[in-house]
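*Asks:* One structure coming up, written as structure tokens, with questions to follow.
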Amino acid sequence: MFLQGRECISLQIGQAGCQMGNQLWELYLLEHGIGNDGVLSPSIKKANQRTYENAYDTIFNETESGQLVPRTVIVDLEPTVTDEIRNGPYRSLFHPSQIVSGKEDASNCYARGFYTLGRELLEETMENVRRQVEACETVQSFFVFHSFGGGTGSGFTSLLCDNIAEEFTSKTRLACAIYPSPTISTAIVEPYNAVLLTHTSMENMDVVFLMDNQAMYNLCRSRLNIERPYYSNINRLVSQVASAITCSLRFSGSLNVDLSEFQTNLVPYPRIHFPVTALGPIRSPEQAYHENTSVGQITEQAFSKENLFLTCDPTHGSYMACGLLYRGDVIPKDVNTAIANIKQKRAVQFVSWCPTGFKVGINHRLPVFPADSDLAITNRSVSVLSNNTCIGDVWQVLNRKFDLLFRKRAFVHWYVNDCMEEGEFSEARENLEALEEDYRSAFDVEEDQEVEF
């Protein structure tokens, strides 16, 4: 019998969060055989009755009429994106109260999302969160989708997660977050928002999976032959990894990975909780006819720099922990061989104080792809979640951008006008400087030194 009572509640915040969430629900519906109106297909329903297995219970709430309603809350401070959801293909899927929107945009300003406009929507949003929790048997985690650079994605995410952490202390809080790209930006004040978000949410998030648009644009162009990638192309890559993270809660496998296990195995120190994501294989339908996808090949591909969803170079650092989430036609023997080959080639270097390094999950449910997917259909896939000391370099780039702006106090008045004190900028910057040092210290710890926890 399938294990019950491990529900996961999704929170889609801001434009990026709403759009990522939409692509993920598209994938969830396909994986579980559910229509856009939330009605389970008769064949799947009959199979579930025969096996006593309702795999969708983790992420869907079933009503008395038999409709399946996603366990999610969708929030944006301005109504454009939420109105698209209300009038889009999933308008019958979500309960109207699950979609919360204000009337005024955060204007890429963290302070508006945290101090002024965001507080007007906070109680309504928290009431929706409580309603979702009450409809669950045992909530295990909150899964947040947002961006670092937007006003709502940074400011309101900080505010909401602060309240959730206070009210639901024991629940794991995970996030898929769009991190500022090194050279591509949609907002000049993005460094301010990202640093302030990281500062205020450092204690309120357990694991944050980092991705950036620039890395995923390059992936779409080089691996999928998409000349002009759109956000929908990028978000479908994100949805494959996000689905893999919750897959073991929804389907049975030979090695299931609980969501709380990500925190235990990927976070060596409380503040170093920012793994990088990667996916393998990433190939277009045209390439599929000419390539094999053995477990060893997809594992090796997923560890290549080109397959990372974040612009960084793992060879400039060492791995502290690594999660391998396999789906499909995969057996443990092949996984062990693939890991042994990677270690033998020394393609992956671990810090001296963490010789084991790998956490493996195997789920037998085949990967699913939309009909018009850019990704080729495959029997197996692997999502890699790795905590590498090279992420310290990513924070260093963000801090340098922040310093260039803040040295001239450029654009600071917009934040001060929305009830934020200028001293919070300096405090946040000091915290990020300490985070940089945390990554350097993790890299420098020698094998014979005692590690303080």
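Chain lettering (A, B, ...) mirrors the order of the structure tokens, residue numbering begins at 1 for each chain separately, and ligand numbering begins at 1 in order of display.
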Let's see if you can do this: from backbone DSSP, list all alpha helix (DSSP H) residues in stretch 243-435 of chain A, as number ranges by chain.
*Replies:* A: 243-250, 259-266, 285-288, 295-302, 332-345, 391-406, 412-416, 423-435
*Asks:* What are the closest atom pairs, with distances in Å to one decimal, for all residues of stretch 165-189 of chain A lying within 7 Å of stretch 131-141 of chain A? Consider only C-alpha atoms, order rows by chain and residue number, and present the result as a tab-separated table.
*Replies:*
residue	atom	partner	partner_atom	distance
A:Lys171	CA	A:Ser141	CA	5.2
A:Thr172	CA	A:Ser141	CA	4.5
A:Arg173	CA	A:Ser141	CA	5.6
*Asks:* According to DSSP computed on the backbone, where in stretch 139-172 of chain A is there strand (DSSP E or B)? Give the residues as a VMD selection string.
*Replies:* chain A and resid 139 to 147 172
*Asks:* Could you write out the selected residues, including all heavy atoms, as an mmCIF file, in the first residue's frame?
*Replies:*
data_model
loop_
_atom_site.group_PDB
_atom_site.id
_atom_site.type_symbol
_atom_site.label_atom_id
_atom_site.label_comp_id
_atom_site.auth_asym_id
_atom_site.auth_seq_id
_atom_site.Cartn_x
_atom_site.Cartn_y
_atom_site.Cartn_z
ATOM 1 N N VAL A 139 1.250 17.434 6.911
ATOM 2 C CA VAL A 139 2.063 18.229 5.986
ATOM 3 C C VAL A 139 3.530 17.959 6.259
ATOM 4 O O VAL A 139 3.984 18.015 7.401
ATOM 5 C CB VAL A 139 1.779 19.741 6.159
ATOM 6 C CG1 VAL A 139 2.702 20.543 5.266
ATOM 7 C CG2 VAL A 139 0.352 20.044 5.828
ATOM 8 N N GLN A 140 4.271 17.649 5.207
ATOM 9 C CA GLN A 140 5.699 17.442 5.394
ATOM 10 C C GLN A 140 6.506 18.680 5.032
ATOM 11 O O GLN A 140 7.480 18.992 5.701
ATOM 12 C CB GLN A 140 6.189 16.270 4.551
ATOM 13 C CG GLN A 140 7.634 15.931 4.869
ATOM 14 C CD GLN A 140 8.168 14.859 3.966
ATOM 15 O OE1 GLN A 140 8.480 15.100 2.812
ATOM 16 N NE2 GLN A 140 8.280 13.660 4.489
ATOM 17 N N SER A 141 6.098 19.390 3.974
ATOM 18 C CA SER A 141 6.954 20.482 3.518
ATOM 19 C C SER A 141 6.166 21.526 2.739
ATOM 20 O O SER A 141 5.056 21.283 2.254
ATOM 21 C CB SER A 141 8.073 19.929 2.632
ATOM 22 O OG SER A 141 7.517 19.334 1.488
ATOM 23 N N PHE A 142 6.785 22.695 2.653
ATOM 24 C CA PHE A 142 6.342 23.767 1.763
ATOM 25 C C PHE A 142 7.379 23.885 0.655
ATOM 26 O O PHE A 142 8.587 23.901 0.907
ATOM 27 C CB PHE A 142 6.234 25.097 2.512
ATOM 28 C CG PHE A 142 5.161 25.121 3.565
ATOM 29 C CD1 PHE A 142 5.452 24.819 4.889
ATOM 30 C CD2 PHE A 142 3.854 25.435 3.229
ATOM 31 C CE1 PHE A 142 4.472 24.836 5.855
ATOM 32 C CE2 PHE A 142 2.856 25.453 4.192
ATOM 33 C CZ PHE A 142 3.165 25.152 5.513
ATOM 34 N N PHE A 143 6.898 23.964 -0.592
ATOM 35 C CA PHE A 143 7.785 24.054 -1.751
ATOM 36 C C PHE A 143 7.516 25.405 -2.414
ATOM 37 O O PHE A 143 6.453 25.620 -3.001
ATOM 38 C CB PHE A 143 7.489 22.905 -2.710
ATOM 39 C CG PHE A 143 8.627 22.545 -3.615
ATOM 40 C CD1 PHE A 143 8.524 21.450 -4.464
ATOM 41 C CD2 PHE A 143 9.794 23.275 -3.644
ATOM 42 C CE1 PHE A 143 9.561 21.085 -5.308
ATOM 43 C CE2 PHE A 143 10.845 22.936 -4.476
ATOM 44 C CZ PHE A 143 10.726 21.837 -5.311
ATOM 45 N N VAL A 144 8.473 26.322 -2.328
ATOM 46 C CA VAL A 144 8.285 27.704 -2.761
ATOM 47 C C VAL A 144 8.936 27.917 -4.127
ATOM 48 O O VAL A 144 10.076 27.501 -4.355
ATOM 49 C CB VAL A 144 8.893 28.683 -1.734
ATOM 50 C CG1 VAL A 144 8.558 30.123 -2.107
ATOM 51 C CG2 VAL A 144 8.387 28.372 -0.324
ATOM 52 N N PHE A 145 8.205 28.596 -5.015
ATOM 53 C CA PHE A 145 8.736 28.971 -6.325
ATOM 54 C C PHE A 145 8.757 30.490 -6.416
ATOM 55 O O PHE A 145 7.714 31.136 -6.243
ATOM 56 C CB PHE A 145 7.873 28.384 -7.451
ATOM 57 C CG PHE A 145 7.857 26.885 -7.472
ATOM 58 C CD1 PHE A 145 6.941 26.169 -6.712
ATOM 59 C CD2 PHE A 145 8.772 26.181 -8.240
ATOM 60 C CE1 PHE A 145 6.934 24.784 -6.715
ATOM 61 C CE2 PHE A 145 8.772 24.797 -8.254
ATOM 62 C CZ PHE A 145 7.858 24.095 -7.488
ATOM 63 N N HIS A 146 9.911 31.063 -6.691
ATOM 64 C CA HIS A 146 10.015 32.527 -6.715
ATOM 65 C C HIS A 146 11.315 32.934 -7.403
ATOM 66 O O HIS A 146 12.128 32.080 -7.784
ATOM 67 C CB HIS A 146 9.985 33.086 -5.284
ATOM 68 C CG HIS A 146 11.216 32.759 -4.480
ATOM 69 N ND1 HIS A 146 12.223 33.669 -4.265
ATOM 70 C CD2 HIS A 146 11.609 31.616 -3.855
ATOM 71 C CE1 HIS A 146 13.181 33.108 -3.540
ATOM 72 N NE2 HIS A 146 12.829 31.865 -3.282
ATOM 73 N N SER A 147 11.515 34.234 -7.536
ATOM 74 C CA SER A 147 12.773 34.752 -8.076
ATOM 75 C C SER A 147 13.464 35.603 -7.018
ATOM 76 O O SER A 147 12.823 36.119 -6.101
ATOM 77 C CB SER A 147 12.523 35.596 -9.327
ATOM 78 O OG SER A 147 11.895 36.809 -8.978
ATOM 79 N N THR A 172 9.475 21.291 6.799
ATOM 80 C CA THR A 172 10.597 21.593 5.910
ATOM 81 C C THR A 172 10.181 22.625 4.872
ATOM 82 O O THR A 172 9.085 22.560 4.320
ATOM 83 C CB THR A 172 11.068 20.317 5.186
ATOM 84 O OG1 THR A 172 11.431 19.338 6.162
ATOM 85 C CG2 THR A 172 12.258 20.585 4.298
#
*Asks:* Could you check how far atom CA of A:Asp334 sits from atom CA of A:Phe358, in Å to one decimal?
*Replies:*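 These atoms are spaced 14.7 Å apart.
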*Asks:* Which residues of stretch 195-280 of chain A come within 7 Å of stretch 18-35 of chain A, and what is each one's closest atom pair and distance in Å (one decimal), counting only C-alpha atoms, sorted by chain and residue number, as a Markdown table?
*Replies:*
| residue | atom | partner | partner_atom | distance |
| --- | --- | --- | --- | --- |
| A:Asn235 | CA | A:Met20 | CA | 5.3 |
| A:Arg236 | CA | A:Gln23 | CA | 5.9 |
| A:Ser239 | CA | A:Leu24 | CA | 4.7 |
*Asks:* When you look at A:Trp414 with a cut-off of 10 Å (counting only C-alpha atoms), what residues show up, excluding the ones that are within fewer than 2 positions of it in the same chain? I need them as a PDB file with all heavy atoms, in the first residue's frame.
*Replies:*
ATOM      1  N   SER A 107       6.952  46.824  -8.350  1.00  0.00           N
ATOM      2  CA  SER A 107       7.885  47.674  -9.098  1.00  0.00           C
ATOM      3  C   SER A 107       9.344  47.300  -8.848  1.00  0.00           C
ATOM      4  O   SER A 107      10.204  48.178  -8.700  1.00  0.00           O
ATOM      5  CB  SER A 107       7.669  49.147  -8.750  1.00  0.00           C
ATOM      6  OG  SER A 107       6.333  49.519  -8.972  1.00  0.00           O
ATOM      7  N   CYS A 109      10.811  46.379  -6.322  1.00  0.00           N
ATOM      8  CA  CYS A 109      11.335  46.955  -5.074  1.00  0.00           C
ATOM      9  C   CYS A 109      11.047  45.997  -3.915  1.00  0.00           C
ATOM     10  O   CYS A 109       9.885  45.771  -3.554  1.00  0.00           O
ATOM     11  CB  CYS A 109      10.702  48.321  -4.812  1.00  0.00           C
ATOM     12  SG  CYS A 109      11.289  49.115  -3.302  1.00  0.00           S
ATOM     13  N   TYR A 110      12.106  45.486  -3.324  1.00  0.00           N
ATOM     14  CA  TYR A 110      11.979  44.563  -2.190  1.00  0.00           C
ATOM     15  C   TYR A 110      11.147  45.177  -1.062  1.00  0.00           C
ATOM     16  O   TYR A 110      10.319  44.490  -0.457  1.00  0.00           O
ATOM     17  CB  TYR A 110      13.385  44.207  -1.686  1.00  0.00           C
ATOM     18  CG  TYR A 110      13.411  43.464  -0.372  1.00  0.00           C
ATOM     19  CD1 TYR A 110      13.429  42.080  -0.345  1.00  0.00           C
ATOM     20  CD2 TYR A 110      13.424  44.146   0.849  1.00  0.00           C
ATOM     21  CE1 TYR A 110      13.456  41.393   0.856  1.00  0.00           C
ATOM     22  CE2 TYR A 110      13.448  43.472   2.049  1.00  0.00           C
ATOM     23  CZ  TYR A 110      13.466  42.096   2.053  1.00  0.00           C
ATOM     24  OH  TYR A 110      13.487  41.422   3.253  1.00  0.00           O
ATOM     25  N   ALA A 111      11.364  46.454  -0.790  1.00  0.00           N
ATOM     26  CA  ALA A 111      10.683  47.113   0.334  1.00  0.00           C
ATOM     27  C   ALA A 111       9.172  47.135   0.139  1.00  0.00           C
ATOM     28  O   ALA A 111       8.410  47.011   1.106  1.00  0.00           O
ATOM     29  CB  ALA A 111      11.214  48.532   0.513  1.00  0.00           C
ATOM     30  N   ARG A 112       8.716  47.276  -1.096  1.00  0.00           N
ATOM     31  CA  ARG A 112       7.266  47.288  -1.346  1.00  0.00           C
ATOM     32  C   ARG A 112       6.662  45.910  -1.072  1.00  0.00           C
ATOM     33  O   ARG A 112       5.557  45.790  -0.565  1.00  0.00           O
ATOM     34  CB  ARG A 112       6.968  47.711  -2.787  1.00  0.00           C
ATOM     35  CG  ARG A 112       7.519  49.064  -3.169  1.00  0.00           C
ATOM     36  CD  ARG A 112       6.926  49.549  -4.478  1.00  0.00           C
ATOM     37  NE  ARG A 112       5.734  50.345  -4.232  1.00  0.00           N
ATOM     38  CZ  ARG A 112       4.877  50.718  -5.174  1.00  0.00           C
ATOM     39  NH1 ARG A 112       5.080  50.331  -6.429  1.00  0.00           N
ATOM     40  NH2 ARG A 112       3.828  51.441  -4.885  1.00  0.00           N
ATOM     41  N   ALA A 410      22.853  54.589  -5.048  1.00  0.00           N
ATOM     42  CA  ALA A 410      21.943  54.690  -6.197  1.00  0.00           C
ATOM     43  C   ALA A 410      20.660  53.903  -5.924  1.00  0.00           C
ATOM     44  O   ALA A 410      20.710  52.765  -5.451  1.00  0.00           O
ATOM     45  CB  ALA A 410      22.628  54.156  -7.456  1.00  0.00           C
ATOM     46  N   PHE A 411      19.520  54.502  -6.211  1.00  0.00           N
ATOM     47  CA  PHE A 411      18.183  53.908  -6.110  1.00  0.00           C
ATOM     48  C   PHE A 411      17.758  53.566  -4.676  1.00  0.00           C
ATOM     49  O   PHE A 411      16.687  53.007  -4.467  1.00  0.00           O
ATOM     50  CB  PHE A 411      18.080  52.617  -6.965  1.00  0.00           C
ATOM     51  CG  PHE A 411      18.502  52.798  -8.394  1.00  0.00           C
ATOM     52  CD1 PHE A 411      19.724  52.329  -8.829  1.00  0.00           C
ATOM     53  CD2 PHE A 411      17.670  53.454  -9.301  1.00  0.00           C
ATOM     54  CE1 PHE A 411      20.131  52.499 -10.141  1.00  0.00           C
ATOM     55  CE2 PHE A 411      18.063  53.623 -10.616  1.00  0.00           C
ATOM     56  CZ  PHE A 411      19.286  53.151 -11.040  1.00  0.00           C
ATOM     57  N   VAL A 412      18.571  53.916  -3.699  1.00  0.00           N
ATOM     58  CA  VAL A 412      18.251  53.574  -2.307  1.00  0.00           C
ATOM     59  C   VAL A 412      17.001  54.306  -1.835  1.00  0.00           C
ATOM     60  O   VAL A 412      16.221  53.780  -1.023  1.00  0.00           O
ATOM     61  CB  VAL A 412      19.456  53.890  -1.387  1.00  0.00           C
ATOM     62  CG1 VAL A 412      19.065  53.817   0.087  1.00  0.00           C
ATOM     63  CG2 VAL A 412      20.604  52.931  -1.670  1.00  0.00           C
ATOM     64  N   VAL A 416      13.825  53.393   0.846  1.00  0.00           N
ATOM     65  CA  VAL A 416      13.589  54.185   2.065  1.00  0.00           C
ATOM     66  C   VAL A 416      12.175  54.766   2.050  1.00  0.00           C
ATOM     67  O   VAL A 416      11.504  54.842   3.087  1.00  0.00           O
ATOM     68  CB  VAL A 416      14.643  55.301   2.185  1.00  0.00           C
ATOM     69  CG1 VAL A 416      14.333  56.209   3.375  1.00  0.00           C
ATOM     70  CG2 VAL A 416      16.036  54.697   2.333  1.00  0.00           C
ATOM     71  N   ASN A 417      11.681  55.148   0.872  1.00  0.00           N
ATOM     72  CA  ASN A 417      10.322  55.684   0.763  1.00  0.00           C
ATOM     73  C   ASN A 417       9.258  54.670   1.138  1.00  0.00           C
ATOM     74  O   ASN A 417       8.128  55.030   1.480  1.00  0.00           O
ATOM     75  CB  ASN A 417      10.052  56.183  -0.673  1.00  0.00           C
ATOM     76  CG  ASN A 417      10.833  57.441  -0.997  1.00  0.00           C
ATOM     77  OD1 ASN A 417      11.357  58.095  -0.104  1.00  0.00           O
ATOM     78  ND2 ASN A 417      10.923  57.775  -2.282  1.00  0.00           N
ATOM     79  N   ASP A 418       9.607  53.371   1.061  1.00  0.00           N
ATOM     80  CA  ASP A 418       8.654  52.312   1.417  1.00  0.00           C
ATOM     81  C   ASP A 418       8.986  51.712   2.783  1.00  0.00           C
ATOM     82  O   ASP A 418       8.957  50.493   2.967  1.00  0.00           O
ATOM     83  CB  ASP A 418       8.623  51.235   0.338  1.00  0.00           C
ATOM     84  CG  ASP A 418       7.713  51.608  -0.822  1.00  0.00           C
ATOM     85  OD1 ASP A 418       6.485  51.548  -0.647  1.00  0.00           O
ATOM     86  OD2 ASP A 418       8.232  51.970  -1.892  1.00  0.00           O
ATOM     87  N   CYS A 419       9.320  52.585   3.712  1.00  0.00           N
ATOM     88  CA  CYS A 419       9.442  52.230   5.142  1.00  0.00           C
ATOM     89  C   CYS A 419      10.653  51.372   5.478  1.00  0.00           C
ATOM     90  O   CYS A 419      10.697  50.735   6.543  1.00  0.00           O
ATOM     91  CB  CYS A 419       8.179  51.520   5.639  1.00  0.00           C
ATOM     92  SG  CYS A 419       6.664  52.436   5.341  1.00  0.00           S
ATOM     93  N   MET A 420      11.647  51.328   4.616  1.00  0.00           N
ATOM     94  CA  MET A 420      12.835  50.532   4.919  1.00  0.00           C
ATOM     95  C   MET A 420      13.962  51.454   5.372  1.00  0.00           C
ATOM     96  O   MET A 420      14.129  52.553   4.830  1.00  0.00           O
ATOM     97  CB  MET A 420      13.264  49.753   3.665  1.00  0.00           C
ATOM     98  CG  MET A 420      14.437  48.845   3.881  1.00  0.00           C
ATOM     99  SD  MET A 420      14.709  47.847   2.396  1.00  0.00           S
ATOM    100  CE  MET A 420      16.443  47.500   2.589  1.00  0.00           C
TER     101      MET A 420
END
*Asks:* Find the residues near A:Ala106: any atom within 7 Å, counting only C-alpha atoms, skip ones fewer than 6 places away on the same chain, and give them as a list in words.
*Replies:* Leu77, Arg112, Gly113, Gly151 and Thr152 of chain A
*Asks:* For those residues, write all heavy atoms to a file as a PDB file, in the first residue's frame.
*Replies:*
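Output below, filename out_26.pdb:
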ATOM      1  N   LEU A  77       1.469  40.507  -6.413  1.00  0.00           N
ATOM      2  CA  LEU A  77       0.960  41.798  -5.946  1.00  0.00           C
ATOM      3  C   LEU A  77       0.197  42.557  -7.014  1.00  0.00           C
ATOM      4  O   LEU A  77      -0.527  43.496  -6.705  1.00  0.00           O
ATOM      5  CB  LEU A  77       2.118  42.665  -5.417  1.00  0.00           C
ATOM      6  CG  LEU A  77       2.822  42.150  -4.158  1.00  0.00           C
ATOM      7  CD1 LEU A  77       3.860  43.149  -3.684  1.00  0.00           C
ATOM      8  CD2 LEU A  77       1.812  41.881  -3.039  1.00  0.00           C
ATOM      9  N   ARG A 112       8.716  47.276  -1.096  1.00  0.00           N
ATOM     10  CA  ARG A 112       7.266  47.288  -1.346  1.00  0.00           C
ATOM     11  C   ARG A 112       6.662  45.910  -1.072  1.00  0.00           C
ATOM     12  O   ARG A 112       5.557  45.790  -0.565  1.00  0.00           O
ATOM     13  CB  ARG A 112       6.968  47.711  -2.787  1.00  0.00           C
ATOM     14  CG  ARG A 112       7.519  49.064  -3.169  1.00  0.00           C
ATOM     15  CD  ARG A 112       6.926  49.549  -4.478  1.00  0.00           C
ATOM     16  NE  ARG A 112       5.734  50.345  -4.232  1.00  0.00           N
ATOM     17  CZ  ARG A 112       4.877  50.718  -5.174  1.00  0.00           C
ATOM     18  NH1 ARG A 112       5.080  50.331  -6.429  1.00  0.00           N
ATOM     19  NH2 ARG A 112       3.828  51.441  -4.885  1.00  0.00           N
ATOM     20  N   GLY A 113       7.395  44.867  -1.433  1.00  0.00           N
ATOM     21  CA  GLY A 113       6.908  43.519  -1.194  1.00  0.00           C
ATOM     22  C   GLY A 113       6.958  43.117   0.269  1.00  0.00           C
ATOM     23  O   GLY A 113       6.130  42.330   0.731  1.00  0.00           O
ATOM     24  N   GLY A 151      10.404  42.315  -7.149  1.00  0.00           N
ATOM     25  CA  GLY A 151       9.936  42.917  -5.904  1.00  0.00           C
ATOM     26  C   GLY A 151       9.073  41.973  -5.090  1.00  0.00           C
ATOM     27  O   GLY A 151       9.260  41.810  -3.882  1.00  0.00           O
ATOM     28  N   THR A 152       8.112  41.309  -5.769  1.00  0.00           N
ATOM     29  CA  THR A 152       7.252  40.338  -5.086  1.00  0.00           C
ATOM     30  C   THR A 152       8.039  39.075  -4.766  1.00  0.00           C
ATOM     31  O   THR A 152       7.952  38.536  -3.653  1.00  0.00           O
ATOM     32  CB  THR A 152       6.035  39.986  -5.962  1.00  0.00           C
ATOM     33  OG1 THR A 152       5.354  41.177  -6.345  1.00  0.00           O
ATOM     34  CG2 THR A 152       5.073  39.084  -5.207  1.00  0.00           C
TER      35      THR A 152
END
*Asks:* Using only C-alpha atoms, pick whichever of A:Ala55, A:Leu279, A:Leu210, A:Met216 has the shortest atom-to-atom distance to A:Leu40.
*Replies:*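 Closest to A:Leu40, using only C-alpha atoms: A:Ala55.
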*Asks:* Point out the residue among A:Gln287, A:Met211, A:Ser304, A:Ser65 with the least atom-to-atom distance to A:Ala242, counting only C-alpha atoms.
*Replies:*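 Answer, going by the shortest atom-to-atom distance: A:Met211.
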*Asks:* Can you tell me which residues surround A:Glu120 at a distance of at most 12 Å, considering only C-alpha atoms, apart from same-chain residues fewer than 4 positions away, and format the answer as a PyMOL selection string?
*Replies:* chain A and resi 76-77+100-104+112-116+124-126+156+159-160
*Asks:* Determine the nearest neighbour of A:Val195 from the options A:Arg228, A:His95, A:Arg440, A:Arg400, counting only C-alpha atoms.
*Replies:* A:Arg400
*Asks:* Find the residue from A:Val81, A:Glu421, A:Gly14, A:Pro180 that sits nearest to A:Gly155; use only C-alpha atoms when measuring.
*Replies:* A:Gly14
*Asks:* Closest to A:Tyr319 among A:Val348, A:Glu123, A:Phe168, A:Leu398, using only C-alpha atoms?
*Replies:*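 The closest residue to A:Tyr319 is A:Val348.
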*Asks:* Please identify all polymer residues within 6 Å of A:Phe60, counting only C-alpha atoms, omitting same-chain residues fewer than 6 positions from it, and present them as a PyMOL selection string.
*Replies:* chain A and resi 68-71
*Asks:* May I have the residues within 8 Å of A:Phe148 as an MDAnalysis selection string, using only C-alpha atoms and disregarding those fewer than 2 positions away in the same chain?
*Replies:* chainID A and resid 146 150 153:154 177:180 190 193:194 197
*Asks:* Using the selection just defined, write its residues with N, CA and C atoms as a PDB file, in the first residue's frame.
*Replies:*
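Heads up, here's the output in again_6.pdb:
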ATOM      1  N   HIS A 146       9.911  31.063  -6.691  1.00  0.00           N
ATOM      2  CA  HIS A 146      10.015  32.527  -6.715  1.00  0.00           C
ATOM      3  C   HIS A 146      11.315  32.934  -7.403  1.00  0.00           C
ATOM      4  N   GLY A 150      12.914  39.968  -8.404  1.00  0.00           N
ATOM      5  CA  GLY A 150      11.682  40.745  -8.474  1.00  0.00           C
ATOM      6  C   GLY A 150      11.278  41.326  -7.121  1.00  0.00           C
ATOM      7  N   GLY A 153       8.815  38.590  -5.729  1.00  0.00           N
ATOM      8  CA  GLY A 153       9.585  37.360  -5.542  1.00  0.00           C
ATOM      9  C   GLY A 153      10.589  37.456  -4.412  1.00  0.00           C
ATOM     10  N   SER A 154      11.132  38.644  -4.166  1.00  0.00           N
ATOM     11  CA  SER A 154      12.099  38.804  -3.072  1.00  0.00           C
ATOM     12  C   SER A 154      11.406  39.281  -1.794  1.00  0.00           C
ATOM     13  N   ALA A 177      14.435  28.619  -6.894  1.00  0.00           N
ATOM     14  CA  ALA A 177      14.553  30.068  -7.022  1.00  0.00           C
ATOM     15  C   ALA A 177      15.369  30.455  -8.246  1.00  0.00           C
ATOM     16  N   ILE A 178      14.877  31.456  -8.973  1.00  0.00           N
ATOM     17  CA  ILE A 178      15.615  32.003 -10.115  1.00  0.00           C
ATOM     18  C   ILE A 178      16.582  33.053  -9.581  1.00  0.00           C
ATOM     19  N   TYR A 179      17.852  32.756  -9.707  1.00  0.00           N
ATOM     20  CA  TYR A 179      18.930  33.597  -9.175  1.00  0.00           C
ATOM     21  C   TYR A 179      19.356  34.611 -10.241  1.00  0.00           C
ATOM     22  N   PRO A 180      19.851  35.800  -9.841  1.00  0.00           N
ATOM     23  CA  PRO A 180      20.307  36.779 -10.845  1.00  0.00           C
ATOM     24  C   PRO A 180      21.423  36.221 -11.724  1.00  0.00           C
ATOM     25  N   GLU A 190      18.221  44.572  -9.188  1.00  0.00           N
ATOM     26  CA  GLU A 190      18.219  43.142  -8.866  1.00  0.00           C
ATOM     27  C   GLU A 190      19.215  42.775  -7.770  1.00  0.00           C
ATOM     28  N   ASN A 193      17.694  43.540  -4.336  1.00  0.00           N
ATOM     29  CA  ASN A 193      16.625  42.614  -3.963  1.00  0.00           C
ATOM     30  C   ASN A 193      17.175  41.247  -3.564  1.00  0.00           C
ATOM     31  N   ALA A 194      18.161  40.764  -4.325  1.00  0.00           N
ATOM     32  CA  ALA A 194      18.709  39.435  -4.063  1.00  0.00           C
ATOM     33  C   ALA A 194      19.451  39.378  -2.732  1.00  0.00           C
ATOM     34  N   LEU A 197      16.850  39.675   0.139  1.00  0.00           N
ATOM     35  CA  LEU A 197      16.105  38.427   0.286  1.00  0.00           C
ATOM     36  C   LEU A 197      16.950  37.369   0.988  1.00  0.00           C
TER      37      LEU A 197
END
*Asks:* From the set A:Arg429, A:Lys359, A:Arg283, A:His364, which residue has the shortest atom-to-atom contact distance to A:Ser248, counting only C-alpha atoms?
*Replies:*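 With only C-alpha atoms as the atom set, the closest residue is A:His364.
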